[in-house]
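First up is the structure itself, then whatever we jot down about it.
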Amino acid sequence: MLAATGLTKEYRRRGEVFNAVDGVDLTVAKGEIVSIVGRSGSGKSTLLNMLAGLLRPTAGAVRFDGQDILGWRDAEISRWRNTKIGYMPQGQSLLANLNVLDNVRLPFFLARRDGEITEKASARLAQVGIAHLAANFPAELSGGEARRVALARALINAPELLIADEPTGDLDLATTNEIMKLFAQIAGDGTAVLLVTHEAEAVISPTGARIYEMAGGKLAGRD
Ligand SMILES: Nc1ncnc2c1ncn2[C@@H]1O[C@H](COP(=O)(O)OP(=O)(O)OP(=O)(O)O)[C@@H](O)[C@H]1O
Ligand SMILES: [Mg+2]
């Protein structure tokens, strides 16, 4: 489904030039779970942002179902991302002035699809276990609840690939476990899942996950 080859991002900072991501090859197949661990600054978010078409690589290719994404114009990439990719950014990403239900419905309106969305959004909220919080605002939620909203939002357009950047960062172990179980369910439904986790959490990545380690912009497999 997703295949990246030689993916590289060069950054320049006050005269310093370095590769935040350095020649990464990665494939993710339908229904598969891939976990990436690595120290802060090793290039994990930069890699995910390139795979989601949010950031243009300096070199390399991203193919989705055989199509060369980077050959497309920005508007086409946006359309592709909005329909095929669910993205959970690192950290807090909910819009503070929208309630939970509206946060979840937002990507649907961006994709300008027809049909009844409120029911779908409510079903996604129920799927992630927070149907009762639909009318609440982000400031009224716990960290774990906010992550569930971000997950429901990422799933609203029924993506083929879910990309999640530290979806359980700073959550307690029990909540982390619950969210990991949700990822396993989502993959079981056929959606590919690509996530960045902390080292300690890699061990509780959903069963069957392929685990990679990122260091200095390079990605290496782990057994
Ligand atoms: N826009 C930018 N310009 C210059 N350097 C950047 C830019 N964005 C990120 N970097 C640098 O690139 C490297 C990789 O950053 P990245 O955010 O991908 O790391 P990360 O592995 O996600 O870290 P964390 O675990 O803290 O989220 C870091 O050294 C960071 O300082
Ligand atoms: Mg990061």
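In the structure tokens, chains take letters A, B, ... by order of appearance, with residues numbered from 1 within each chain and ligands from 1 in the order shown.
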
Set the cut-off to 9 Å, count only C-alpha atoms and all ligand atoms, and list whatever residues fall near ligand 2 as a PDB file with N, CA and C atoms, in the first residue's frame.
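Okay, this is what ended up in pocket.pdb:
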ATOM      1  N   SER A  40      14.349  11.284  21.114  1.00  0.00           N
ATOM      2  CA  SER A  40      13.889  12.604  20.709  1.00  0.00           C
ATOM      3  C   SER A  40      14.897  13.202  19.717  1.00  0.00           C
ATOM      4  N   GLY A  41      14.382  13.728  18.615  1.00  0.00           N
ATOM      5  CA  GLY A  41      15.243  14.352  17.627  1.00  0.00           C
ATOM      6  C   GLY A  41      15.800  13.395  16.591  1.00  0.00           C
ATOM      7  N   SER A  42      15.405  12.124  16.653  1.00  0.00           N
ATOM      8  CA  SER A  42      15.973  11.143  15.721  1.00  0.00           C
ATOM      9  C   SER A  42      15.323  11.210  14.337  1.00  0.00           C
ATOM     10  N   GLY A  43      14.245  12.000  14.203  1.00  0.00           N
ATOM     11  CA  GLY A  43      13.658  12.189  12.867  1.00  0.00           C
ATOM     12  C   GLY A  43      12.308  11.525  12.655  1.00  0.00           C
ATOM     13  N   LYS A  44      11.695  11.032  13.725  1.00  0.00           N
ATOM     14  CA  LYS A  44      10.447  10.268  13.598  1.00  0.00           C
ATOM     15  C   LYS A  44       9.302  11.117  13.027  1.00  0.00           C
ATOM     16  N   SER A  45       9.083  12.292  13.611  1.00  0.00           N
ATOM     17  CA  SER A  45       7.979  13.142  13.127  1.00  0.00           C
ATOM     18  C   SER A  45       8.246  13.615  11.704  1.00  0.00           C
ATOM     19  N   THR A  46       9.488  13.937  11.426  1.00  0.00           N
ATOM     20  CA  THR A  46       9.846  14.381  10.074  1.00  0.00           C
ATOM     21  C   THR A  46       9.514  13.276   9.066  1.00  0.00           C
ATOM     22  N   LEU A  48       7.245  10.783   9.447  1.00  0.00           N
ATOM     23  CA  LEU A  48       5.784  10.631   9.332  1.00  0.00           C
ATOM     24  C   LEU A  48       5.184  11.762   8.505  1.00  0.00           C
ATOM     25  N   PRO A  89      -1.505  13.969  14.723  1.00  0.00           N
ATOM     26  CA  PRO A  89      -0.238  14.670  14.923  1.00  0.00           C
ATOM     27  C   PRO A  89       0.272  14.486  16.351  1.00  0.00           C
ATOM     28  N   GLN A  90       1.544  14.770  16.534  1.00  0.00           N
ATOM     29  CA  GLN A  90       2.149  14.707  17.874  1.00  0.00           C
ATOM     30  C   GLN A  90       1.544  15.816  18.749  1.00  0.00           C
ATOM     31  N   GLY A  91       1.270  15.496  20.001  1.00  0.00           N
ATOM     32  CA  GLY A  91       0.800  16.510  20.941  1.00  0.00           C
ATOM     33  C   GLY A  91      -0.671  16.864  20.781  1.00  0.00           C
ATOM     34  N   ASP A 165       1.453   9.896  15.509  1.00  0.00           N
ATOM     35  CA  ASP A 165       2.758  10.330  16.038  1.00  0.00           C
ATOM     36  C   ASP A 165       2.683  10.418  17.566  1.00  0.00           C
ATOM     37  N   GLU A 166       3.237   9.454  18.242  1.00  0.00           N
ATOM     38  CA  GLU A 166       3.198   9.356  19.708  1.00  0.00           C
ATOM     39  C   GLU A 166       1.788   9.521  20.259  1.00  0.00           C
ATOM     40  N   VAL A 196       4.359   6.010  15.949  1.00  0.00           N
ATOM     41  CA  VAL A 196       5.591   6.265  16.692  1.00  0.00           C
ATOM     42  C   VAL A 196       5.270   6.083  18.164  1.00  0.00           C
TER      43      VAL A 196
END

- Determine the nearest neighbour of ligand 1 from the options A:Ala150, A:Ala121, A:Leu47, A:Ala96, counting only C-alpha atoms and all ligand atoms.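 Nearest candidate to ligand 1 out of A:Ala150, A:Ala121, A:Leu47, A:Ala96: A:Leu47.
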
- Message: List the spatial neighbours of A:Val24 as a VMD selection string - criterion: any atom at most 12 Å away, only C-alpha atoms, same-chain residues fewer than 5 positions off excluded.
- Response: chain A and resid 3 to 9 19 43 to 44 46 to 48 50 to 51 57 to 62 212 to 221

- Message: If you run DSSP on the backbone here, which positions in stretch 24-187 of chain A get strand (DSSP E or B)? Please write them as a list of chain:residue names.
- Response: A:Val24, A:Asp25, A:Leu26, A:Thr27, A:Val28, A:Ile33, A:Val34, A:Ser35, A:Ile36, A:Val37, A:Gly38, A:Ala59, A:Gly60, A:Ala61, A:Val62, A:Arg63, A:Phe64, A:Gln67, A:Asp68, A:Ile85, A:Gly86, A:Tyr87, A:Met88, A:Leu161, A:Leu162, A:Ile163, A:Ala164, A:Asp165

- Item | Contact residues around stretch 26-38 of chain A with only C-alpha atoms at 8 Å, ignoring same-chain residues under 3 positions, as a VMD selection string | chain A and resid 1 to 5 42 44 160 to 161 184 187 to 199 202 205 to 206 208 to 215

C-alpha atoms of the current selection, written as a short mmCIF file (atom, residue, chain, number, x, y, z; two decimals), in the first residue's frame:
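Saved to part25.cif:
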data_model
loop_
_atom_site.label_atom_id
_atom_site.label_comp_id
_atom_site.auth_asym_id
_atom_site.auth_seq_id
_atom_site.Cartn_x
_atom_site.Cartn_y
_atom_site.Cartn_z
CA MET A 1 0.00 0.00 0.00
CA LEU A 2 2.58 2.56 1.18
CA ALA A 3 6.16 2.30 -0.03
CA ALA A 4 8.86 4.85 0.69
CA THR A 5 12.32 4.59 -0.82
CA SER A 42 15.97 11.14 15.72
CA LYS A 44 10.45 10.27 13.60
CA GLU A 160 -6.69 3.09 4.40
CA LEU A 161 -3.67 4.11 6.45
CA ALA A 184 -5.09 -3.47 17.02
CA ALA A 187 -5.75 -2.87 11.94
CA GLY A 188 -8.00 -5.92 12.31
CA ASP A 189 -10.63 -4.02 10.32
CA GLY A 190 -8.10 -3.73 7.47
CA THR A 191 -6.66 -0.25 8.05
CA ALA A 192 -2.87 -0.17 8.04
CA VAL A 193 -1.43 1.51 11.15
CA LEU A 194 1.91 3.31 11.34
CA LEU A 195 2.77 4.71 14.76
CA VAL A 196 5.59 6.27 16.69
CA THR A 197 5.85 5.09 20.29
CA HIS A 198 8.19 5.64 23.20
CA GLU A 199 10.77 2.96 23.83
CA ALA A 202 7.18 -0.62 22.09
CA SER A 205 2.71 -2.36 20.79
CA PRO A 206 -0.19 -4.38 19.44
CA GLY A 208 2.15 -8.73 15.51
CA ALA A 209 3.46 -5.19 15.06
CA ARG A 210 6.68 -4.78 13.10
CA ILE A 211 9.03 -2.63 15.15
CA TYR A 212 11.66 -0.28 13.74
CA GLU A 213 14.15 1.92 15.48
CA MET A 214 15.10 5.35 14.26
CA ALA A 215 18.51 6.82 15.10
#

- Message: Report as JSON, numbers by chain all protein, DNA and RNA residues lying within 10 Å of A:Leu155, evaluated on only C-alpha atoms, omitting residues in the same chain fewer than 2 positions from it.
- Response: {"A": [84, 85, 86, 87, 88, 104, 107, 108, 120, 121, 124, 125, 149, 150, 151, 152, 153, 157, 158, 159, 160, 161, 162, 186, 191]}
